[in-house]
Each structure stands twice: as C-alpha cells, then as structure tokens.
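Comments concern the structure below.
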Amino acid sequence: MKILYLLWECCGNPEMIQAMRTAGHDVVVLQTSQDGLLGPGIADSIKKAAAENACDIVYGFNYFPYVAEAAKACGIDYYAWVYDNPCVQLYSYTVTYPTNHIYVFDSDTYLKFHTEGINTISFLPMAADPDRVEALCRETRPGYGADISFVGSLYNERHDFYHRMVDKGLPDRTYGYIRGIIEAQKAVYGMDLSEHLLTDEVLEDMHAALPMEPSAGSVITRRTLFSQYVIDRQVTVEERHRMLTELGARFGGRYEVSLYTHDASASFPGVANHGPADQFNETPVIFNRSRINLNIALRSIVNGIPLRCFEIMGAGGFLLSSYAGDLADMFVPGEEFVYYESAEDMLAKCAYYLEHEDERAAIAAAGLAGIRKSHTYLHRVREMLG
C-alpha cells in the first residue's frame with residue numbers, strides 16, 4: 001500500500017514511518033505544519049501529492065477536517081491517529097465521512113462518539129519503540145537520571161483560560177460552585193465530573209466572563225468546551241503543582257527529584273527544574289535512567305493511557321501513574337506498572353519503591369516486556385492497516 005504521510009512537528013513520526021515501511025508499505029512524505037493542516041490550503045497539497053504518487057491512503061497524527069475533505073474528494077481513505085485529548089477538531093461534521101478511519105487512545109472518547117452512532121472512530125491505544133530507545137541510551141552521554149522524575153507541562157505557560165475567566169469576575173455562587181467541582185474532581189479518577197455537574201446557569205456565567213466559542217464548523221458543545229479547556233485543565237494545574245510541592249518537601253535533599261517542563265521559571269523547593277526536554281532525543285533517556293517516572297495525567301483524559309506511559313515503559317522505566325481504566329485493563333497493576341489514587345498514595349508509593357529496589361526493577365522489566373509483546377508501533381500499524 002502506498003501511504004501519503006502528513007509529516008508535521010509532533011511525536012511518533014520516525015517510529016511510525018519506520019513501522020509502516022517494516023510492514024511492507026511504501027511511504028511518501030508530505031512535509032507540513034499544524035497551522036498548515038488547520039487551513040484550507042492543505043487540501044490542494046494533498047490532492048496534488050496523492051495524484052502524483054498514486055497514493056492509496058493519507059495518514060497523519062491527530063485529526064484535521066480539511067484533510068478529511070481532501071481525502072474524500074480524492075476518493076482515498078484518511079487514517080488519523082489522535083494522541084491529543086482534548087482534540088477539538090474531532091467535533092466536526094466531517095468525522096462522519098465514510099472515507100475516515102479515526103483512532104482515539106481514550107476508550108471514554110471512543111464511547112462518546114460510538115453512542116452517538118458514529119462508526120468512523122475506533123479505539124486504539126498509543127505505542128512505543130523500545131529498540132530505538134535502547135540504541136539511543138547506548139549513544140547518549142551519562143546524566144539525565146534521577147530518583148523521581150516528572151516530564152510534562154504545568155499548563156500555566158499559555159492558554160490559562162481559568163484565570164482569564166476568574167479575573168474578569170464571576171458571581172460568588174458561580175465561583176464557589178466551580179471550586180466545588182475542581183476540589184471534587186481532584187479526589188476522583190475515571191470520570192469527568194464537570195461534564196455532568198455544570199449547570200446551564202453556571203455555563204452562562206462562565207461564558208460571560210470568558211466568551212470562548214467553538215471554531216467555525218465545530219459541533220462541540222459549550223459544556224464540553226468549558227469542561228475540558230477550563231475546568232479539567234485547572235484541576236491538572238493545581239494537582240501537578242501540589243504533587244511537585246509535596247514531592248520536594250518529602251524527598252528533596254535526600255533524593256534527587258527532577259522536573260522537565262517548558263516553564264523553566266517554575267520553582268518547587270527540593271525539586272530541580274531542568275526546563276524543557278527534547279521529546280525525541282532526551283525524554284526516553286530520562287525515562288530509562290530515572291528510578292521512578294510519574295504520570296500525572298491531564299484530567300480531560302478520563303480512561304486513556306497517555307503516550308507518556310507507553311514511552312516510560314517502552315524505555316524500561318518504572319511507571320507510577322494516576323489511575324486510568326484503560327491502563328489497568330491493558331497492563332497488570334503492581335506487576336507491570338503501579339498506580340496511585342491520591343497525592344498521599346503517590347507519596348507513599350514513591351517512598352516504598354525507593355526503598356524496595358528489586359521490586360521496582362522487576363516491575364520496570366515486566367512493563368518493558370509487555371510493550372515489546374503487544375504495544376509497539378509495528379503492532380499498531382498492523383492493527384490499522386492489516
């Protein structure tokens with residue numbers, strides 16, 4: 001099969017291209033960008049490249065409505081593997097095109113569309129490439145290791161919708177109601193409370209303070225927009241800040257606690273902020289050389305396994321993750337990874353596995369074996385394309 005591959009700056013591209021070629025497919029690369037994929041101009045580029053190269057399908061990470069339009073016009077299928085959550089582009093009437101094959105990594109997202117009768121969206125978890133990481137670690141200079149590491153955004157670097165909204169002013173009753181949802185959500189995993197608890201009156205007050213609207217052609221509801229981009233993100237901000245603060249207070253000084261994030265100015269006593277890490281060349285080495293790797297999941301991910309989890313286990317790292325239903329279904333808790341259910345539980349399990357090295361190493365090895373057995377990019381290509 002000849003594949004027109006939409007190459008833009010995102011994770012997984014080298015691994016996916018290699019897996020496609022290993023599976024026997026011919027890959028033609030069309031260099032583009034996220035902004036380019038969001039604009040109507042991409043359609044002409046796809047039509048031209050697909051015709052010149054006689055491509056059978058077009059593939060790219062995440063979903064873009066203009067790509068779906070172009071593929072439909074060309075009479076070829078569009079394969080999209082979505083690793084973002086939320087991915088606002090999914091809320092487009094174009095997802096129903098029969099030429100679409102859209103894969104999402106969170107079973108909760110899949111079920112939302114499936115119950116609406118949309119059969120072009122399927123559930124497909126993310127993946128890892130252990131062989132590439134093994135080679136990379138051999139070639140990379142010493143360093144990058146820590147006793148406890150967290151690699152991820154603090155979500156206060158940009159698009160701070162929550163504080164933009166609060167700073168404009170909310171009625172006291174609305175502010176109190178929103179704070180109640182946020183505090184309740186911190187204690188609950190596996191369910192997005194705000195989707196169920198936001199009332200029409202509260203939504204009206206939120207929208208008055210933050211007049212955020214869906215993009216043209218989107219069918220996303222205001223409830224989903226404010227739930228995922230305002231409340232879920234703020235829960236994540238507060239959760240990550242609290243956990244990093246408490247990790248530093250409990251383990252800083254005695255153990256090395258490392259943070260890699262785009263906000264190089266963020267400061268947590270006892271935690272070394274190394275700034276951003278290169279996702280392709282540095283984060284796999286961090287995961288491999290750190291004794292404990294944390295996944296503090298973005299709260300708009302309800303059941304799904306973030307890519308970070310696959311990359312940690314695929315690097316041979318020990319994964320300590322917030323609870324996720326898909327993670328507990330696909331891997332064995334306590335044998336291939338460990339999950340926590342609260343900040344206190346996370347701290348206790350960090351302490352335990354720092355003191356029980358043999359157990360920690362055995363779990364990391366079992367997690368890597370599980371990735372090699374069933375969750376590489378080659379596995380996913382074969383699941384998508386046969």
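Residue names in the structure tokens use chain letters A, B, ... in the order shown, residue numbers from 1 in each chain, and ligand numbers from 1 in the order shown.
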
With stretch 183-188 of chain A as the partner and 9 Å as the cut-off, tabulate the residues of stretch 236-347 of chain A that qualify, each row holding the nearest pair of atoms and their distance in Å to one decimal, using only C-alpha atoms, sorted by chain and rising number, as CSV.
```
residue,atom,partner,partner_atom,distance
A:Thr236,CA,A:Lys186,CA,8.4
A:Glu238,CA,A:Lys186,CA,8.8
A:Glu239,CA,A:Lys186,CA,7.1
A:Arg299,CA,A:Gln185,CA,8.6
A:Glu341,CA,A:Ala187,CA,7.9
A:Ser342,CA,A:Ala187,CA,6.7
```

key: DSSP-assigned helix (DSSP H, G or I) among stretch 255-364 of chain A, expressed as a PyMOL selection string   = chain A and resi 283-289+307-314+325-330+343-355+357-364

Tell me which protein, DNA and RNA residues are within 12 Å of A:Lys72, counting only C-alpha atoms, leaving out same-chain ones fewer than 2 positions away, and put them as a PDB file with N, CA, C and O atoms, in the first residue's frame.
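The result, written out as selection.pdb:
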```pdb
ATOM      1  N   ALA A  43      -5.631  21.180   1.447  1.00  0.00           N
ATOM      2  CA  ALA A  43      -6.396  20.297   0.556  1.00  0.00           C
ATOM      3  C   ALA A  43      -5.736  20.191  -0.814  1.00  0.00           C
ATOM      4  O   ALA A  43      -5.601  19.085  -1.364  1.00  0.00           O
ATOM      5  N   ILE A  46      -2.564  18.045  -0.684  1.00  0.00           N
ATOM      6  CA  ILE A  46      -2.854  16.614  -0.571  1.00  0.00           C
ATOM      7  C   ILE A  46      -3.333  16.061  -1.905  1.00  0.00           C
ATOM      8  O   ILE A  46      -2.881  14.993  -2.355  1.00  0.00           O
ATOM      9  N   LYS A  47      -4.226  16.761  -2.559  1.00  0.00           N
ATOM     10  CA  LYS A  47      -4.738  16.293  -3.849  1.00  0.00           C
ATOM     11  C   LYS A  47      -3.602  16.139  -4.858  1.00  0.00           C
ATOM     12  O   LYS A  47      -3.520  15.145  -5.591  1.00  0.00           O
ATOM     13  N   ALA A  50      -1.159  13.210  -3.682  1.00  0.00           N
ATOM     14  CA  ALA A  50      -1.811  11.906  -3.804  1.00  0.00           C
ATOM     15  C   ALA A  50      -1.910  11.476  -5.259  1.00  0.00           C
ATOM     16  O   ALA A  50      -1.699  10.294  -5.592  1.00  0.00           O
ATOM     17  N   ILE A  57      -3.830   5.786   0.481  1.00  0.00           N
ATOM     18  CA  ILE A  57      -4.414   6.404   1.669  1.00  0.00           C
ATOM     19  C   ILE A  57      -3.584   7.618   2.071  1.00  0.00           C
ATOM     20  O   ILE A  57      -2.437   7.784   1.621  1.00  0.00           O
ATOM     21  N   VAL A  58      -4.154   8.451   2.934  1.00  0.00           N
ATOM     22  CA  VAL A  58      -3.402   9.529   3.572  1.00  0.00           C
ATOM     23  C   VAL A  58      -3.442   9.264   5.068  1.00  0.00           C
ATOM     24  O   VAL A  58      -4.466   8.853   5.618  1.00  0.00           O
ATOM     25  N   PRO A  65     -10.057  18.371   9.859  1.00  0.00           N
ATOM     26  CA  PRO A  65     -11.199  18.347   8.932  1.00  0.00           C
ATOM     27  C   PRO A  65     -10.842  18.630   7.476  1.00  0.00           C
ATOM     28  O   PRO A  65     -11.414  18.009   6.567  1.00  0.00           O
ATOM     29  N   TYR A  66      -9.907  19.551   7.213  1.00  0.00           N
ATOM     30  CA  TYR A  66      -9.566  19.854   5.816  1.00  0.00           C
ATOM     31  C   TYR A  66      -8.870  18.668   5.143  1.00  0.00           C
ATOM     32  O   TYR A  66      -8.981  18.485   3.928  1.00  0.00           O
ATOM     33  N   VAL A  67      -8.161  17.870   5.927  1.00  0.00           N
ATOM     34  CA  VAL A  67      -7.555  16.658   5.367  1.00  0.00           C
ATOM     35  C   VAL A  67      -8.654  15.663   5.010  1.00  0.00           C
ATOM     36  O   VAL A  67      -8.606  15.008   3.953  1.00  0.00           O
ATOM     37  N   ALA A  68      -9.651  15.552   5.872  1.00  0.00           N
ATOM     38  CA  ALA A  68     -10.782  14.659   5.585  1.00  0.00           C
ATOM     39  C   ALA A  68     -11.505  15.084   4.310  1.00  0.00           C
ATOM     40  O   ALA A  68     -11.893  14.244   3.488  1.00  0.00           O
ATOM     41  N   GLU A  69     -11.670  16.393   4.129  1.00  0.00           N
ATOM     42  CA  GLU A  69     -12.307  16.907   2.916  1.00  0.00           C
ATOM     43  C   GLU A  69     -11.506  16.530   1.681  1.00  0.00           C
ATOM     44  O   GLU A  69     -12.055  16.084   0.659  1.00  0.00           O
ATOM     45  N   ALA A  70     -10.178  16.692   1.774  1.00  0.00           N
ATOM     46  CA  ALA A  70      -9.314  16.409   0.627  1.00  0.00           C
ATOM     47  C   ALA A  70      -9.310  14.921   0.287  1.00  0.00           C
ATOM     48  O   ALA A  70      -9.386  14.537  -0.888  1.00  0.00           O
ATOM     49  N   CYS A  74     -10.541  13.086  -3.165  1.00  0.00           N
ATOM     50  CA  CYS A  74      -9.628  12.237  -3.943  1.00  0.00           C
ATOM     51  C   CYS A  74     -10.125  10.800  -4.064  1.00  0.00           C
ATOM     52  O   CYS A  74      -9.576  10.012  -4.850  1.00  0.00           O
ATOM     53  N   GLY A  75     -11.084  10.431  -3.242  1.00  0.00           N
ATOM     54  CA  GLY A  75     -11.569   9.056  -3.252  1.00  0.00           C
ATOM     55  C   GLY A  75     -10.628   8.088  -2.570  1.00  0.00           C
ATOM     56  O   GLY A  75     -10.603   6.893  -2.887  1.00  0.00           O
ATOM     57  N   ILE A  76      -9.830   8.607  -1.601  1.00  0.00           N
ATOM     58  CA  ILE A  76      -8.936   7.728  -0.850  1.00  0.00           C
ATOM     59  C   ILE A  76      -9.289   7.825   0.636  1.00  0.00           C
ATOM     60  O   ILE A  76      -9.943   8.767   1.074  1.00  0.00           O
ATOM     61  N   ASP A  77      -8.844   6.846   1.410  1.00  0.00           N
ATOM     62  CA  ASP A  77      -9.170   6.819   2.827  1.00  0.00           C
ATOM     63  C   ASP A  77      -8.189   7.668   3.632  1.00  0.00           C
ATOM     64  O   ASP A  77      -6.999   7.764   3.294  1.00  0.00           O
ATOM     65  N   TYR A  78      -8.706   8.244   4.705  1.00  0.00           N
ATOM     66  CA  TYR A  78      -7.917   9.071   5.610  1.00  0.00           C
ATOM     67  C   TYR A  78      -7.798   8.338   6.947  1.00  0.00           C
ATOM     68  O   TYR A  78      -8.799   8.067   7.600  1.00  0.00           O
ATOM     69  N   TYR A  79      -6.557   8.011   7.323  1.00  0.00           N
ATOM     70  CA  TYR A  79      -6.273   7.370   8.599  1.00  0.00           C
ATOM     71  C   TYR A  79      -5.671   8.411   9.532  1.00  0.00           C
ATOM     72  O   TYR A  79      -4.638   9.012   9.214  1.00  0.00           O
ATOM     73  N   THR A  94     -17.358  16.509   9.646  1.00  0.00           N
ATOM     74  CA  THR A  94     -16.569  15.737   8.687  1.00  0.00           C
ATOM     75  C   THR A  94     -16.170  14.361   9.222  1.00  0.00           C
ATOM     76  O   THR A  94     -15.790  13.486   8.435  1.00  0.00           O
ATOM     77  N   VAL A  95     -16.241  14.154  10.560  1.00  0.00           N
ATOM     78  CA  VAL A  95     -15.818  12.849  11.086  1.00  0.00           C
ATOM     79  C   VAL A  95     -16.703  11.720  10.568  1.00  0.00           C
ATOM     80  O   VAL A  95     -16.291  10.553  10.583  1.00  0.00           O
ATOM     81  N   THR A  96     -17.888  12.046  10.091  1.00  0.00           N
ATOM     82  CA  THR A  96     -18.811  11.004   9.619  1.00  0.00           C
ATOM     83  C   THR A  96     -18.507  10.545   8.196  1.00  0.00           C
ATOM     84  O   THR A  96     -19.137   9.591   7.715  1.00  0.00           O
ATOM     85  N   TYR A  97     -17.560  11.163   7.516  1.00  0.00           N
ATOM     86  CA  TYR A  97     -17.252  10.750   6.144  1.00  0.00           C
ATOM     87  C   TYR A  97     -16.851   9.276   6.118  1.00  0.00           C
ATOM     88  O   TYR A  97     -16.008   8.843   6.929  1.00  0.00           O
ATOM     89  N   PRO A  98     -17.387   8.504   5.208  1.00  0.00           N
ATOM     90  CA  PRO A  98     -17.070   7.071   5.167  1.00  0.00           C
ATOM     91  C   PRO A  98     -15.625   6.777   4.793  1.00  0.00           C
ATOM     92  O   PRO A  98     -15.167   5.633   4.975  1.00  0.00           O
ATOM     93  N   THR A  99     -14.916   7.757   4.282  1.00  0.00           N
ATOM     94  CA  THR A  99     -13.505   7.570   3.943  1.00  0.00           C
ATOM     95  C   THR A  99     -12.601   7.707   5.166  1.00  0.00           C
ATOM     96  O   THR A  99     -11.383   7.502   5.068  1.00  0.00           O
ATOM     97  N   ASN A 100     -13.161   8.058   6.325  1.00  0.00           N
ATOM     98  CA  ASN A 100     -12.366   8.258   7.540  1.00  0.00           C
ATOM     99  C   ASN A 100     -12.141   6.964   8.309  1.00  0.00           C
ATOM    100  O   ASN A 100     -13.052   6.133   8.438  1.00  0.00           O
ATOM    101  N   HIS A 101     -10.943   6.836   8.846  1.00  0.00           N
ATOM    102  CA  HIS A 101     -10.592   5.786   9.808  1.00  0.00           C
ATOM    103  C   HIS A 101      -9.856   6.511  10.936  1.00  0.00           C
ATOM    104  O   HIS A 101      -8.646   6.741  10.847  1.00  0.00           O
TER     105      HIS A 101
END
```

Non-local contacts of A:Val257 (6 Å; only C-alpha atoms; under 5 positions in same chain excluded) as a PDB file with N, CA and C atoms, in the first residue's frame:
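This is the output file part_9.pdb:
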```pdb
ATOM      1  N   ILE A 148      13.342  10.414  41.265  1.00  0.00           N
ATOM      2  CA  ILE A 148      11.953  10.636  40.854  1.00  0.00           C
ATOM      3  C   ILE A 148      11.955  11.703  39.764  1.00  0.00           C
ATOM      4  N   SER A 149      11.298  11.428  38.641  1.00  0.00           N
ATOM      5  CA  SER A 149      11.236  12.405  37.544  1.00  0.00           C
ATOM      6  C   SER A 149       9.796  12.600  37.085  1.00  0.00           C
ATOM      7  N   VAL A 271      12.952  20.390  44.354  1.00  0.00           N
ATOM      8  CA  VAL A 271      12.791  19.827  43.013  1.00  0.00           C
ATOM      9  C   VAL A 271      13.694  20.600  42.050  1.00  0.00           C
TER      10      VAL A 271
END
```

request  = Compare A:Val230, A:Leu197, A:Ala328, A:Leu347 by their minimum atom-to-atom distance to A:Asn156, counting only C-alpha atoms, and give me the closest one.
outcome  =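 Among the listed residues, A:Val230 lies closest to A:Asn156.
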
inquiry  = List as a list in words the protein and nucleic acid residues near A:Ser227, meaning an atom at most 8 Å away when only C-alpha atoms are counted, but skip any in the same chain fewer than 3 places from it.
reply    = Ser194, Glu195, Leu198, Arg223, Thr224, Val230, Ile231 and Asp232 of chain A

message = Could you check the closest approach to A:Glu355 for each of A:Gly304, A:Leu320, A:Tyr255, A:Arg289 and tell me which residue wins, using only C-alpha atoms?
response =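 Smallest separation from A:Glu355 among the options: A:Tyr255.
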
Write out as a PDB file with N, CA, C and O atoms, in the first residue's frame which residues come within 7 Å of stretch 108-112 of chain A when counting only C-alpha atoms, dropping same-chain ones fewer than 2 positions away.
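This went into result_30.pdb:
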```
ATOM      1  N   VAL A 104      -8.724   6.836  18.369  1.00  0.00           N
ATOM      2  CA  VAL A 104      -8.510   7.632  19.574  1.00  0.00           C
ATOM      3  C   VAL A 104      -7.991   6.719  20.677  1.00  0.00           C
ATOM      4  O   VAL A 104      -8.318   5.534  20.739  1.00  0.00           O
ATOM      5  N   ASP A 106      -8.319   7.095  24.078  1.00  0.00           N
ATOM      6  CA  ASP A 106      -9.088   7.035  25.321  1.00  0.00           C
ATOM      7  C   ASP A 106     -10.413   6.334  25.038  1.00  0.00           C
ATOM      8  O   ASP A 106     -11.203   6.794  24.213  1.00  0.00           O
ATOM      9  N   HIS A 114     -19.257   6.678  19.801  1.00  0.00           N
ATOM     10  CA  HIS A 114     -19.932   5.431  19.433  1.00  0.00           C
ATOM     11  C   HIS A 114     -21.408   5.458  19.830  1.00  0.00           C
ATOM     12  O   HIS A 114     -22.275   5.007  19.065  1.00  0.00           O
ATOM     13  N   THR A 115     -21.697   5.983  21.018  1.00  0.00           N
ATOM     14  CA  THR A 115     -23.090   6.031  21.467  1.00  0.00           C
ATOM     15  C   THR A 115     -23.923   7.003  20.639  1.00  0.00           C
ATOM     16  O   THR A 115     -25.154   6.921  20.652  1.00  0.00           O
ATOM     17  N   GLU A 116     -23.271   7.902  19.911  1.00  0.00           N
ATOM     18  CA  GLU A 116     -23.978   8.806  19.001  1.00  0.00           C
ATOM     19  C   GLU A 116     -24.115   8.213  17.599  1.00  0.00           C
ATOM     20  O   GLU A 116     -24.561   8.889  16.673  1.00  0.00           O
ATOM     21  N   ILE A 121     -14.953   6.203  14.083  1.00  0.00           N
ATOM     22  CA  ILE A 121     -13.981   6.394  15.163  1.00  0.00           C
ATOM     23  C   ILE A 121     -13.831   5.090  15.933  1.00  0.00           C
ATOM     24  O   ILE A 121     -14.815   4.476  16.345  1.00  0.00           O
ATOM     25  N   SER A 122     -12.569   4.666  16.106  1.00  0.00           N
ATOM     26  CA  SER A 122     -12.266   3.415  16.806  1.00  0.00           C
ATOM     27  C   SER A 122     -11.305   3.694  17.954  1.00  0.00           C
ATOM     28  O   SER A 122     -10.634   4.735  18.002  1.00  0.00           O
ATOM     29  N   PHE A 123     -11.229   2.737  18.847  1.00  0.00           N
ATOM     30  CA  PHE A 123     -10.312   2.822  19.987  1.00  0.00           C
ATOM     31  C   PHE A 123      -8.995   2.148  19.629  1.00  0.00           C
ATOM     32  O   PHE A 123      -8.973   1.006  19.186  1.00  0.00           O
ATOM     33  N   VAL A 302      -9.895  10.699  30.478  1.00  0.00           N
ATOM     34  CA  VAL A 302     -10.710  10.060  31.512  1.00  0.00           C
ATOM     35  C   VAL A 302     -10.224   8.644  31.802  1.00  0.00           C
ATOM     36  O   VAL A 302      -9.938   8.285  32.945  1.00  0.00           O
ATOM     37  N   ASN A 303     -10.141   7.801  30.775  1.00  0.00           N
ATOM     38  CA  ASN A 303      -9.713   6.411  30.943  1.00  0.00           C
ATOM     39  C   ASN A 303      -8.431   6.081  30.181  1.00  0.00           C
ATOM     40  O   ASN A 303      -7.825   5.042  30.413  1.00  0.00           O
TER      41      ASN A 303
END
```

inquiry  = Considering only strand (DSSP E) as DSSP defines it on the backbone, what residues of stretch 213-320 of chain A qualify? List them as a PyMOL selection string.
reply    = chain A and resi 257-260+272-273+292-295+319-320
